[in-house]
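With TSV, C-alpha atoms inside, this is upload20.tsv:
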```tsv
chain	number	residue	atom	x	y	z
A	1	MET	CA	0.02	-19.72	-11.69
A	2	ALA	CA	1.84	-17.10	-9.69
A	3	TYR	CA	5.12	-15.64	-11.03
A	4	ILE	CA	6.95	-16.93	-7.96
A	5	ASN	CA	6.90	-20.29	-6.24
A	6	VAL	CA	4.23	-19.79	-3.56
A	7	PRO	CA	2.92	-22.69	-1.43
A	8	LYS	CA	0.45	-24.80	-3.42
A	9	GLY	CA	-3.29	-24.53	-2.79
A	10	LEU	CA	-3.24	-20.98	-1.43
A	11	SER	CA	-4.94	-18.42	-3.69
A	12	GLY	CA	-4.56	-14.65	-4.00
A	13	ILE	CA	-2.82	-12.85	-1.15
A	14	ARG	CA	-2.84	-15.98	1.02
A	15	GLY	CA	-0.08	-17.60	-1.03
A	16	LEU	CA	2.00	-14.42	-0.84
A	17	LEU	CA	1.56	-14.06	2.91
A	18	ALA	CA	2.73	-17.66	3.36
A	19	PHE	CA	5.67	-17.08	0.97
A	20	ARG	CA	7.09	-14.22	3.08
A	21	THR	CA	5.90	-14.27	6.68
A	22	GLU	CA	8.15	-11.34	7.70
A	23	THR	CA	6.18	-8.94	5.47
A	24	ALA	CA	2.88	-10.76	6.14
A	25	ARG	CA	2.99	-9.63	9.76
A	26	GLY	CA	2.83	-5.90	9.03
A	27	ILE	CA	0.27	-6.34	6.24
A	28	GLY	CA	-1.95	-8.49	8.48
A	29	ILE	CA	-1.85	-6.19	11.49
A	30	LEU	CA	-2.47	-3.09	9.36
A	31	THR	CA	-5.43	-4.75	7.63
A	32	GLU	CA	-6.89	-5.88	10.95
A	33	GLU	CA	-6.50	-2.40	12.46
A	34	LEU	CA	-8.17	-0.66	9.52
A	35	LEU	CA	-10.96	-3.12	8.70
A	36	CYS	CA	-11.81	-4.48	12.14
A	37	SER	CA	-11.92	-1.22	14.10
A	38	ASP	CA	-15.17	-0.29	15.81
A	39	VAL	CA	-14.26	3.38	16.24
A	40	GLY	CA	-16.08	5.66	13.76
A	41	ILE	CA	-17.33	4.03	10.56
A	42	SER	CA	-18.49	0.42	10.97
A	43	ARG	CA	-16.68	-2.76	9.94
A	44	GLY	CA	-19.15	-3.19	7.09
A	45	GLU	CA	-18.47	0.36	5.87
A	46	ARG	CA	-14.71	-0.21	6.10
A	47	GLU	CA	-15.03	-3.39	4.00
A	48	ILE	CA	-17.16	-1.50	1.46
A	49	ILE	CA	-14.38	1.08	1.01
A	50	ALA	CA	-11.87	-1.79	0.57
A	51	ALA	CA	-14.06	-3.55	-2.01
A	52	TYR	CA	-14.74	-0.28	-3.87
A	53	VAL	CA	-11.05	0.64	-4.21
A	54	SER	CA	-10.25	-2.95	-5.27
A	55	LEU	CA	-12.94	-2.70	-7.95
A	56	LEU	CA	-11.50	0.61	-9.19
A	57	ASN	CA	-8.09	-1.11	-9.33
A	58	ASN	CA	-9.69	-4.00	-11.26
A	59	CYS	CA	-8.46	-6.59	-8.73
A	60	TYR	CA	-10.92	-9.50	-8.93
A	61	TYR	CA	-9.60	-11.39	-5.91
A	62	CYS	CA	-9.71	-8.45	-3.47
A	63	THR	CA	-13.00	-7.04	-4.78
A	64	THR	CA	-14.81	-10.37	-4.48
A	65	SER	CA	-13.25	-11.20	-1.10
A	66	HIS	CA	-14.03	-7.86	0.56
A	67	ALA	CA	-17.49	-7.54	-0.99
A	68	ALA	CA	-18.29	-10.94	0.55
A	69	THR	CA	-16.97	-9.89	3.96
A	70	ALA	CA	-18.91	-6.62	3.73
A	71	LYS	CA	-22.07	-8.58	2.97
A	72	TYR	CA	-21.78	-10.58	6.19
A	73	HIS	CA	-21.24	-7.38	8.18
A	74	CYS	CA	-24.36	-5.87	6.51
A	75	ASP	CA	-27.09	-8.40	7.37
A	76	ALA	CA	-26.16	-10.55	4.34
A	77	ASP	CA	-27.59	-7.85	2.05
A	78	GLU	CA	-25.57	-8.51	-1.10
A	79	GLU	CA	-27.63	-6.14	-3.22
A	80	PHE	CA	-26.83	-3.21	-0.89
A	81	VAL	CA	-23.09	-3.96	-1.02
A	82	LEU	CA	-22.95	-4.40	-4.81
A	83	LYS	CA	-24.85	-1.16	-5.40
A	84	ALA	CA	-22.58	0.64	-2.89
A	85	ILE	CA	-19.38	-0.35	-4.68
A	86	ASN	CA	-20.67	-0.01	-8.24
A	87	ASP	CA	-22.54	3.28	-7.88
A	88	PRO	CA	-21.92	4.74	-4.42
A	89	GLU	CA	-23.55	8.13	-5.05
A	90	ASN	CA	-26.88	6.51	-5.98
A	91	SER	CA	-26.69	3.77	-3.37
A	92	ASP	CA	-28.24	3.49	0.09
A	93	LEU	CA	-24.97	4.45	1.78
A	94	SER	CA	-25.21	7.26	4.35
A	95	PRO	CA	-24.31	10.78	3.17
A	96	LYS	CA	-21.15	10.57	5.31
A	97	MET	CA	-20.10	7.29	3.67
A	98	LYS	CA	-20.76	8.74	0.21
A	99	ALA	CA	-18.39	11.59	1.04
A	100	LEU	CA	-15.73	9.16	2.35
A	101	MET	CA	-16.12	6.95	-0.76
A	102	ALA	CA	-15.52	10.05	-2.91
A	103	ILE	CA	-12.28	10.69	-0.98
A	104	ALA	CA	-11.26	7.02	-1.36
A	105	LYS	CA	-11.81	7.27	-5.12
A	106	GLU	CA	-9.56	10.33	-5.42
A	107	VAL	CA	-6.83	8.63	-3.35
A	108	GLN	CA	-7.06	5.58	-5.62
A	109	GLN	CA	-6.44	7.81	-8.64
A	110	HIS	CA	-3.62	9.88	-7.12
A	111	GLY	CA	-2.90	11.15	-3.61
A	112	GLN	CA	-2.76	14.76	-4.72
A	113	ASN	CA	-6.23	14.54	-6.25
A	114	VAL	CA	-7.85	14.98	-2.83
A	115	GLN	CA	-9.02	18.60	-2.73
A	116	GLN	CA	-10.27	20.76	0.11
A	117	HIS	CA	-13.84	20.47	-1.18
A	118	HIS	CA	-13.72	16.68	-0.79
A	119	ILE	CA	-12.67	17.13	2.84
A	120	ASP	CA	-15.26	19.88	3.42
A	121	ARG	CA	-18.02	17.64	2.10
A	122	ALA	CA	-17.03	14.86	4.52
A	123	ARG	CA	-16.86	17.30	7.45
A	124	ASN	CA	-20.27	18.73	6.55
A	125	GLU	CA	-21.61	15.19	6.88
A	126	ALA	CA	-20.02	14.97	10.33
A	127	ALA	CA	-17.02	12.79	9.41
A	128	SER	CA	-14.36	12.89	12.14
A	129	ASP	CA	-10.62	13.36	11.61
A	130	LEU	CA	-10.14	9.67	12.33
A	131	GLU	CA	-12.78	8.65	9.78
A	132	ILE	CA	-11.18	10.83	7.10
A	133	HIS	CA	-7.75	9.43	8.03
A	134	ASP	CA	-9.00	5.84	7.88
A	135	ALA	CA	-10.83	6.34	4.56
A	136	VAL	CA	-7.59	7.65	3.02
A	137	LEU	CA	-5.45	4.88	4.51
A	138	ILE	CA	-7.89	2.06	3.61
A	139	SER	CA	-7.83	3.31	0.02
A	140	ALA	CA	-4.01	3.55	0.09
A	141	LEU	CA	-3.71	0.10	1.68
A	142	PHE	CA	-5.76	-1.48	-1.09
A	143	CYS	CA	-3.70	0.33	-3.71
A	144	MET	CA	-0.89	-1.76	-2.19
A	145	SER	CA	-2.73	-5.06	-1.66
A	146	ASN	CA	-4.33	-5.02	-5.14
A	147	ARG	CA	-0.93	-4.40	-6.80
A	148	TYR	CA	0.68	-7.10	-4.66
A	149	VAL	CA	-1.94	-9.71	-5.59
A	150	ASP	CA	-2.06	-8.86	-9.32
A	151	GLY	CA	1.60	-7.86	-9.76
A	152	LEU	CA	2.75	-11.36	-8.80
A	153	GLY	CA	0.12	-13.04	-10.98
A	154	THR	CA	-1.50	-14.99	-8.15
A	155	PHE	CA	-4.10	-17.70	-8.70
A	156	GLN	CA	-7.62	-16.26	-8.27
A	157	PRO	CA	-10.44	-18.83	-8.27
A	158	LYS	CA	-13.54	-17.89	-10.28
A	159	ASP	CA	-15.98	-19.78	-8.03
A	160	LYS	CA	-17.73	-17.05	-6.03
A	161	SER	CA	-19.00	-19.48	-3.39
A	162	LEU	CA	-15.38	-19.87	-2.19
A	163	TYR	CA	-15.14	-16.12	-1.59
A	164	ASP	CA	-18.52	-16.08	0.08
A	165	ALA	CA	-17.56	-18.83	2.53
A	166	ASN	CA	-14.29	-17.10	3.33
A	167	GLY	CA	-16.00	-13.71	3.72
A	168	LYS	CA	-18.30	-15.19	6.32
A	169	ILE	CA	-15.29	-16.36	8.34
A	170	ARG	CA	-13.41	-13.05	7.93
A	171	ALA	CA	-16.46	-11.09	9.12
A	172	LYS	CA	-16.55	-13.24	12.24
A	173	GLU	CA	-12.85	-13.72	13.00
A	174	GLY	CA	-11.05	-10.79	11.38
A	175	TYR	CA	-7.73	-11.12	9.58
A	176	LEU	CA	-5.15	-12.19	12.15
A	177	ALA	CA	-6.90	-15.41	13.19
A	178	SER	CA	-5.97	-17.07	9.88
A	179	MET	CA	-2.32	-16.00	10.15
A	180	PRO	CA	-0.78	-18.15	12.90
A	181	GLN	CA	2.66	-16.61	12.45
A	182	THR	CA	1.37	-13.17	13.45
A	183	LYS	CA	-0.23	-14.24	16.73
B	1	MET	CA	-1.74	22.44	5.68
B	2	ALA	CA	-2.66	18.84	6.30
B	3	HIS	CA	-6.32	17.75	5.97
B	4	ILE	CA	-6.31	16.47	9.57
B	5	PRO	CA	-4.72	18.10	12.64
B	6	THR	CA	-1.09	17.00	12.95
B	7	GLN	CA	1.74	17.98	15.28
B	8	PRO	CA	3.52	21.08	13.97
B	9	GLY	CA	7.12	20.45	12.98
B	10	LEU	CA	6.71	16.78	12.09
B	11	PRO	CA	7.19	16.27	8.34
B	12	GLY	CA	5.32	13.96	5.97
B	13	ILE	CA	4.54	10.47	7.13
B	14	SER	CA	5.98	11.08	10.62
B	15	SER	CA	3.10	13.48	11.33
B	16	LEU	CA	0.57	10.84	10.20
B	17	PHE	CA	2.30	8.13	12.23
B	18	ALA	CA	1.93	10.33	15.32
B	19	PHE	CA	-1.78	10.87	14.56
B	20	ARG	CA	-2.58	7.14	14.50
B	21	PRO	CA	0.09	5.01	16.27
B	22	GLU	CA	-1.92	1.77	15.84
B	23	THR	CA	-1.56	1.88	12.06
B	24	ALA	CA	1.94	3.41	12.24
B	25	LYS	CA	3.46	0.37	13.92
B	26	PRO	CA	2.76	-2.23	11.20
B	27	MET	CA	3.58	0.30	8.46
B	28	ARG	CA	6.98	1.02	10.02
B	29	GLU	CA	7.61	-2.68	10.42
B	30	LEU	CA	6.74	-3.37	6.79
B	31	ALA	CA	9.09	-0.62	5.59
B	32	HIS	CA	11.84	-1.93	7.87
B	33	VAL	CA	11.63	-5.51	6.53
B	34	LEU	CA	11.37	-4.37	2.90
B	35	LEU	CA	14.09	-1.73	2.89
B	36	TYR	CA	16.45	-2.30	5.81
B	37	SER	CA	16.47	-5.93	7.04
B	38	GLU	CA	18.92	-8.50	5.67
B	39	SER	CA	18.24	-9.35	2.03
B	40	SER	CA	20.14	-10.50	-1.06
B	41	LEU	CA	19.15	-7.15	-2.63
B	42	SER	CA	21.21	-4.37	-1.07
B	43	SER	CA	19.42	-1.68	0.94
B	44	GLY	CA	20.81	0.83	-1.56
B	45	ASP	CA	19.11	-0.94	-4.48
B	46	ARG	CA	15.87	-1.36	-2.51
B	47	GLU	CA	15.83	2.34	-1.58
B	48	VAL	CA	16.44	3.18	-5.26
B	49	ILE	CA	13.33	1.15	-6.19
B	50	ALA	CA	11.31	2.97	-3.49
B	51	THR	CA	12.61	6.33	-4.75
B	52	TYR	CA	11.79	5.47	-8.37
B	53	VAL	CA	8.20	4.48	-7.56
B	54	SER	CA	7.68	7.57	-5.34
B	55	SER	CA	9.02	9.79	-8.09
B	56	ARG	CA	6.61	8.26	-10.61
B	57	ASN	CA	3.81	8.91	-8.11
B	58	GLN	CA	5.08	12.52	-7.81
B	59	CYS	CA	5.28	12.23	-4.04
B	60	VAL	CA	7.92	14.80	-3.14
B	61	PHE	CA	8.28	13.80	0.52
B	62	CYS	CA	8.84	10.08	-0.18
B	63	THR	CA	11.01	10.73	-3.23
B	64	GLN	CA	13.32	13.13	-1.41
B	65	SER	CA	13.56	11.16	1.82
B	66	HIS	CA	14.20	7.79	0.18
B	67	ALA	CA	16.60	9.34	-2.34
B	68	ALA	CA	18.56	10.66	0.66
B	69	ALA	CA	18.48	7.21	2.31
B	70	ALA	CA	19.61	5.57	-0.95
B	71	ARG	CA	22.51	8.04	-1.28
B	72	ALA	CA	23.56	7.33	2.31
B	73	HIS	CA	23.59	3.57	1.59
B	74	LEU	CA	25.30	3.81	-1.80
B	75	LYS	CA	28.08	6.17	-0.65
B	76	GLU	CA	30.51	6.62	-3.60
B	77	ASP	CA	27.86	5.25	-5.98
B	78	ALA	CA	25.27	7.80	-4.81
B	79	SER	CA	25.04	9.33	-8.30
B	80	ILE	CA	23.00	6.25	-9.32
B	81	VAL	CA	20.06	7.80	-7.45
B	82	ASP	CA	19.94	10.94	-9.58
B	83	ASP	CA	20.62	8.90	-12.73
B	84	VAL	CA	17.53	6.74	-11.99
B	85	LEU	CA	15.43	9.79	-11.06
B	86	LEU	CA	16.36	11.41	-14.38
B	87	ASN	CA	16.55	8.41	-16.72
B	88	GLY	CA	14.46	5.68	-15.10
B	89	VAL	CA	15.13	2.24	-16.58
B	90	ASN	CA	17.68	3.75	-18.97
B	91	ALA	CA	19.99	4.72	-16.11
B	92	SER	CA	23.52	3.27	-15.96
B	93	VAL	CA	22.71	0.48	-13.51
B	94	SER	CA	23.09	-3.31	-13.78
B	95	ASP	CA	20.79	-5.13	-16.22
B	96	LYS	CA	19.30	-6.98	-13.25
B	97	LEU	CA	18.38	-3.76	-11.45
B	98	LYS	CA	16.97	-2.39	-14.72
B	99	SER	CA	14.72	-5.44	-15.03
B	100	LEU	CA	13.54	-4.97	-11.43
B	101	LEU	CA	12.90	-1.25	-12.01
B	102	THR	CA	10.83	-2.20	-15.07
B	103	ILE	CA	8.67	-4.50	-12.93
B	104	ALA	CA	8.38	-1.84	-10.19
B	105	GLY	CA	7.35	0.80	-12.74
B	106	LYS	CA	4.59	-1.46	-14.03
B	107	VAL	CA	3.34	-2.28	-10.53
B	108	GLN	CA	3.18	1.48	-9.86
B	109	LYS	CA	0.73	1.80	-12.78
B	110	GLY	CA	-1.24	-1.34	-11.98
B	111	GLY	CA	-0.54	-4.91	-10.93
B	112	ARG	CA	-2.05	-6.49	-14.02
B	113	ILE	CA	0.44	-4.78	-16.35
B	114	VAL	CA	3.32	-7.01	-15.19
B	115	THR	CA	3.86	-9.85	-17.68
B	116	ASP	CA	5.41	-13.32	-17.62
B	117	GLU	CA	8.13	-11.91	-19.90
B	118	ASP	CA	9.04	-9.14	-17.43
B	119	VAL	CA	9.49	-11.72	-14.70
B	120	ALA	CA	11.30	-14.21	-16.98
B	121	LEU	CA	13.77	-11.50	-17.98
B	122	ALA	CA	14.52	-10.60	-14.36
B	123	LYS	CA	15.02	-14.30	-13.53
B	124	SER	CA	17.35	-14.78	-16.51
B	125	LEU	CA	19.46	-11.93	-15.15
B	126	GLY	CA	19.78	-13.67	-11.78
B	127	ALA	CA	16.83	-12.32	-9.80
B	128	THR	CA	15.49	-14.82	-7.27
B	129	ASP	CA	11.81	-15.39	-6.43
B	130	MET	CA	12.37	-13.53	-3.16
B	131	GLU	CA	13.94	-10.55	-4.96
B	132	ILE	CA	11.04	-10.40	-7.43
B	133	HIS	CA	8.57	-10.68	-4.55
B	134	ASP	CA	10.26	-7.87	-2.65
B	135	THR	CA	10.48	-5.64	-5.74
B	136	VAL	CA	6.74	-6.01	-6.37
B	137	LEU	CA	5.90	-5.46	-2.71
B	138	ILE	CA	8.19	-2.40	-2.42
B	139	ALA	CA	6.46	-0.88	-5.47
B	140	ALA	CA	3.04	-1.79	-4.06
B	141	ALA	CA	3.90	-0.47	-0.58
B	142	PHE	CA	5.04	2.86	-1.98
B	143	SER	CA	1.81	3.04	-3.96
B	144	MET	CA	0.30	3.05	-0.46
B	145	PHE	CA	2.78	5.29	1.40
B	146	ASN	CA	2.76	7.92	-1.39
B	147	ARG	CA	-1.06	8.10	-1.40
B	148	TYR	CA	-1.17	8.28	2.40
B	149	VAL	CA	1.32	11.16	2.56
B	150	ASP	CA	-0.26	13.17	-0.29
B	151	GLY	CA	-3.90	12.15	0.23
B	152	LEU	CA	-3.84	13.81	3.65
B	153	ALA	CA	-1.65	16.69	2.40
B	154	SER	CA	0.95	16.16	5.12
B	155	PHE	CA	3.68	18.77	5.56
B	156	THR	CA	6.33	18.42	2.83
B	157	PRO	CA	9.61	20.35	3.30
B	158	GLN	CA	10.61	21.89	-0.04
B	159	ASP	CA	14.37	22.27	0.46
B	160	PRO	CA	16.26	19.05	-0.52
B	161	ALA	CA	18.78	19.91	2.23
B	162	ASP	CA	16.06	19.18	4.81
B	163	TYR	CA	16.08	15.55	3.73
B	164	VAL	CA	19.81	14.80	4.00
B	165	GLU	CA	19.87	14.15	7.76
B	166	MET	CA	16.57	12.23	7.51
B	167	GLY	CA	18.09	9.94	4.88
B	168	VAL	CA	21.24	9.32	6.90
B	169	ARG	CA	19.09	8.31	9.87
B	170	MET	CA	16.88	6.01	7.76
B	171	ALA	CA	19.99	4.35	6.31
B	172	SER	CA	21.62	3.85	9.71
B	173	VAL	CA	18.76	2.70	11.97
B	174	GLY	CA	15.95	1.77	9.58
B	175	TYR	CA	12.26	2.38	10.23
B	176	ILE	CA	11.40	0.91	13.61
B	177	PRO	CA	11.85	3.56	16.30
B	178	PRO	CA	14.51	2.64	18.88
B	179	LYS	CA	13.04	1.30	22.15
B	180	SER	CA	13.18	3.92	24.87
```
Before we go any further, please render this structure as structure tokens.
Amino acid sequence: MAYINVPKGLSGIRGLLAFRTETARGIGILTEELLCSDVGISRGEREIIAAYVSLLNNCYYCTTSHAATAKYHCDADEEFVLKAINDPENSDLSPKMKALMAIAKEVQQHGQNVQQHHIDRARNEAASDLEIHDAVLISALFCMSNRYVDGLGTFQPKDKSLYDANGKIRAKEGYLASMPQTK
Amino acid sequence: MAHIPTQPGLPGISSLFAFRPETAKPMRELAHVLLYSESSLSSGDREVIATYVSSRNQCVFCTQSHAAAARAHLKEDASIVDDVLLNGVNASVSDKLKSLLTIAGKVQKGGRIVTDEDVALAKSLGATDMEIHDTVLIAAAFSMFNRYVDGLASFTPQDPADYVEMGVRMASVGYIPPKS
């Protein structure tokens, strides 16, 4: 049970977004902009960064949710997504994505951990300024969302099929469709 | 120098906001609701929580700018800001604010560290569900803002005097740019 009185039946971040719609708006729009953009890295790659950072932050709800969404963006290839977030350097991610995942990992640890060599590696793999920016901000965003979800002790179902079903919808509709108050 | 090309002269997060206006807008709005809009927690106390989290994340830009905003809100009680920066939860602030700073400090480290007891203590000292929610989300949001500012190595003025005017502006108009 969450530490605060969120609407019944809504798990994870969904209960929190319903509890405070004024802050939900900014969080929803920012998430949509960063995860549903088609400029630069793909939607699937953006979701993989989100799931990876959530895993590093040990947030079950966000990791499972975003890994499921990533799967549906990546031809339902669950094995590819799980390998990407558990061992990115030895996964089938592109060299550019491996470099961006390395940046996301440093940001998750501490903003000042990002060194010039991390940036140089990404540029050598042809990452654009926007892709580097978005990798940093997706990692930072999930350092917020993960803390929000876990810091308020939200209910996180253990049944993975629930996350899978929701991930399929998120991959199709994005994040704002399920938030009527932000339309 | 920042890791991505930014407009010269714009400090910290302002330079990143100018680089990507689509993400700037919801981030500004979130900061505005959490720190400036009407709430049962004063803006001074909320800016102190933001300052405390930024200081623990060693983000100089966010610490200095929000400390300046907190001082502008708190006026004659501005010394609270430096007390919290120096002494953390042992500062001479109300027991309720101490309990909220304790929760914020734990969220800064990781969401799972917050316990039922931390929340029960804050509630016993008069904190409402909304105040606990906002404390956790302020701490979480600054775990984002701090990483954004430092992860892209945005320009950070080193002289505390450079932040005074910035803080006064943040305290008077908030975080959503005035419509032109």
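Atom CA of B:Pro178 is positioned 19.9 Å from atom CA of B:Val164.
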ask   = atom CA of B:Ala50 and atom CA of A:Leu152, how far apart in Å?
value = 17.5 Å
Would you write out, as JSON lines, a table of all residues in chain A that have an atom no more than 9 Å from an atom of chain B, listing for each the closest atom pair and the distance in Å to one decimal, considering only C-alpha atoms and ordering rows by chain and rising residue number?
```
{"residue": "A:Tyr3", "atom": "CA", "partner": "B:Val119", "partner_atom": "CA", "distance": 6.9}
{"residue": "A:Ile4", "atom": "CA", "partner": "B:Asp129", "partner_atom": "CA", "distance": 5.3}
{"residue": "A:Asn5", "atom": "CA", "partner": "B:Asp129", "partner_atom": "CA", "distance": 6.9}
{"residue": "A:Leu16", "atom": "CA", "partner": "B:His133", "partner_atom": "CA", "distance": 8.4}
{"residue": "A:Phe19", "atom": "CA", "partner": "B:Met130", "partner_atom": "CA", "distance": 8.6}
{"residue": "A:Arg20", "atom": "CA", "partner": "B:Met130", "partner_atom": "CA", "distance": 8.2}
{"residue": "A:Glu22", "atom": "CA", "partner": "B:Val33", "partner_atom": "CA", "distance": 6.9}
{"residue": "A:Thr23", "atom": "CA", "partner": "B:Leu30", "partner_atom": "CA", "distance": 5.8}
{"residue": "A:Ala24", "atom": "CA", "partner": "B:Leu30", "partner_atom": "CA", "distance": 8.4}
{"residue": "A:Arg25", "atom": "CA", "partner": "B:Pro26", "partner_atom": "CA", "distance": 7.5}
{"residue": "A:Gly26", "atom": "CA", "partner": "B:Pro26", "partner_atom": "CA", "distance": 4.3}
{"residue": "A:Ile27", "atom": "CA", "partner": "B:Pro26", "partner_atom": "CA", "distance": 6.9}
{"residue": "A:Gly28", "atom": "CA", "partner": "B:Pro26", "partner_atom": "CA", "distance": 8.3}
{"residue": "A:Ile29", "atom": "CA", "partner": "B:Pro26", "partner_atom": "CA", "distance": 6.1}
{"residue": "A:Leu30", "atom": "CA", "partner": "B:Pro26", "partner_atom": "CA", "distance": 5.6}
{"residue": "A:Thr31", "atom": "CA", "partner": "B:Thr23", "partner_atom": "CA", "distance": 8.9}
{"residue": "A:Glu33", "atom": "CA", "partner": "B:Thr23", "partner_atom": "CA", "distance": 6.5}
{"residue": "A:Leu34", "atom": "CA", "partner": "B:Thr23", "partner_atom": "CA", "distance": 7.5}
{"residue": "A:Asn57", "atom": "CA", "partner": "B:Gly110", "partner_atom": "CA", "distance": 7.3}
{"residue": "A:Asn58", "atom": "CA", "partner": "B:Arg112", "partner_atom": "CA", "distance": 8.5}
{"residue": "A:Cys59", "atom": "CA", "partner": "B:Arg112", "partner_atom": "CA", "distance": 8.3}
{"residue": "A:Ile103", "atom": "CA", "partner": "B:Gly151", "partner_atom": "CA", "distance": 8.6}
{"residue": "A:Glu106", "atom": "CA", "partner": "B:Gly151", "partner_atom": "CA", "distance": 8.2}
{"residue": "A:Val107", "atom": "CA", "partner": "B:Gly151", "partner_atom": "CA", "distance": 5.8}
{"residue": "A:Gln108", "atom": "CA", "partner": "B:Arg147", "partner_atom": "CA", "distance": 7.8}
{"residue": "A:His110", "atom": "CA", "partner": "B:Arg147", "partner_atom": "CA", "distance": 6.5}
{"residue": "A:Gly111", "atom": "CA", "partner": "B:Gly151", "partner_atom": "CA", "distance": 4.1}
{"residue": "A:Gln112", "atom": "CA", "partner": "B:Asp150", "partner_atom": "CA", "distance": 5.3}
{"residue": "A:Asn113", "atom": "CA", "partner": "B:Gly151", "partner_atom": "CA", "distance": 7.3}
{"residue": "A:Val114", "atom": "CA", "partner": "B:Gly151", "partner_atom": "CA", "distance": 5.7}
{"residue": "A:Gln115", "atom": "CA", "partner": "B:Gly151", "partner_atom": "CA", "distance": 8.8}
{"residue": "A:Gln116", "atom": "CA", "partner": "B:His3", "partner_atom": "CA", "distance": 7.7}
{"residue": "A:Ile119", "atom": "CA", "partner": "B:His3", "partner_atom": "CA", "distance": 7.1}
{"residue": "A:Asp129", "atom": "CA", "partner": "B:Ile4", "partner_atom": "CA", "distance": 5.7}
{"residue": "A:Leu130", "atom": "CA", "partner": "B:Arg20", "partner_atom": "CA", "distance": 8.3}
{"residue": "A:Ile132", "atom": "CA", "partner": "B:Ile4", "partner_atom": "CA", "distance": 7.9}
{"residue": "A:His133", "atom": "CA", "partner": "B:Leu152", "partner_atom": "CA", "distance": 7.3}
{"residue": "A:Val136", "atom": "CA", "partner": "B:Gly151", "partner_atom": "CA", "distance": 6.5}
{"residue": "A:Leu137", "atom": "CA", "partner": "B:Tyr148", "partner_atom": "CA", "distance": 5.9}
{"residue": "A:Ser139", "atom": "CA", "partner": "B:Met144", "partner_atom": "CA", "distance": 8.1}
{"residue": "A:Ala140", "atom": "CA", "partner": "B:Met144", "partner_atom": "CA", "distance": 4.4}
{"residue": "A:Leu141", "atom": "CA", "partner": "B:Met144", "partner_atom": "CA", "distance": 5.4}
{"residue": "A:Phe142", "atom": "CA", "partner": "B:Met144", "partner_atom": "CA", "distance": 7.6}
{"residue": "A:Cys143", "atom": "CA", "partner": "B:Met144", "partner_atom": "CA", "distance": 5.8}
{"residue": "A:Met144", "atom": "CA", "partner": "B:Ala140", "partner_atom": "CA", "distance": 4.4}
{"residue": "A:Ser145", "atom": "CA", "partner": "B:Ala140", "partner_atom": "CA", "distance": 7.1}
{"residue": "A:Asn146", "atom": "CA", "partner": "B:Gly111", "partner_atom": "CA", "distance": 6.9}
{"residue": "A:Arg147", "atom": "CA", "partner": "B:Gly111", "partner_atom": "CA", "distance": 4.2}
{"residue": "A:Tyr148", "atom": "CA", "partner": "B:Leu137", "partner_atom": "CA", "distance": 5.8}
{"residue": "A:Val149", "atom": "CA", "partner": "B:Gly111", "partner_atom": "CA", "distance": 7.3}
{"residue": "A:Asp150", "atom": "CA", "partner": "B:Gly111", "partner_atom": "CA", "distance": 4.5}
{"residue": "A:Gly151", "atom": "CA", "partner": "B:Gly111", "partner_atom": "CA", "distance": 3.8}
{"residue": "A:Leu152", "atom": "CA", "partner": "B:Val136", "partner_atom": "CA", "distance": 7.1}
{"residue": "A:Gly153", "atom": "CA", "partner": "B:Arg112", "partner_atom": "CA", "distance": 7.5}
```
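If you count all atoms listed in the file and ignore residues fewer than 3 places along the chain from A:Arg14, what sits within 10 Å of it is Val6, Pro7, Gly9, Leu10, Ser11, Leu17, Ala18, Phe19, Ala24, Val149, Thr154, Phe155, Ser178 and Met179 of chain A.
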Please produce a file of those selected residues containing C-alpha atoms, as a PDB file, keeping the file's coordinate frame.
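Output contents, as saved in out-v7.pdb:
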```pdb
ATOM      1  CA  VAL A   6       4.230 -19.790  -3.560  1.00  0.00           C
ATOM      2  CA  PRO A   7       2.920 -22.690  -1.430  1.00  0.00           C
ATOM      3  CA  GLY A   9      -3.290 -24.530  -2.790  1.00  0.00           C
ATOM      4  CA  LEU A  10      -3.240 -20.980  -1.430  1.00  0.00           C
ATOM      5  CA  SER A  11      -4.940 -18.420  -3.690  1.00  0.00           C
ATOM      6  CA  LEU A  17       1.560 -14.060   2.910  1.00  0.00           C
ATOM      7  CA  ALA A  18       2.730 -17.660   3.360  1.00  0.00           C
ATOM      8  CA  PHE A  19       5.670 -17.080   0.970  1.00  0.00           C
ATOM      9  CA  ALA A  24       2.880 -10.760   6.140  1.00  0.00           C
ATOM     10  CA  VAL A 149      -1.940  -9.710  -5.590  1.00  0.00           C
ATOM     11  CA  THR A 154      -1.500 -14.990  -8.150  1.00  0.00           C
ATOM     12  CA  PHE A 155      -4.100 -17.700  -8.700  1.00  0.00           C
ATOM     13  CA  SER A 178      -5.970 -17.070   9.880  1.00  0.00           C
ATOM     14  CA  MET A 179      -2.320 -16.000  10.150  1.00  0.00           C
TER      15      MET A 179
END
```
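Atom CA of B:Ser55 is positioned 9.8 Å from atom CA of B:Leu86.
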task = Identify, on the basis of all atoms listed in the file, every residue whose closest approach to stretch 120-123 of chain A does not exceed 8 Å; exclude the query and any residue fewer than 6 positions from it along the same chain; express the result as a list in words.
result = Lys96, Ala99, Leu100 and Ile132 of chain A
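Using all atoms listed in the file, the nearest neighbour of A:Thr63 within the list A:Glu125, A:Gln156, A:Glu131, A:Lys8 is A:Gln156.
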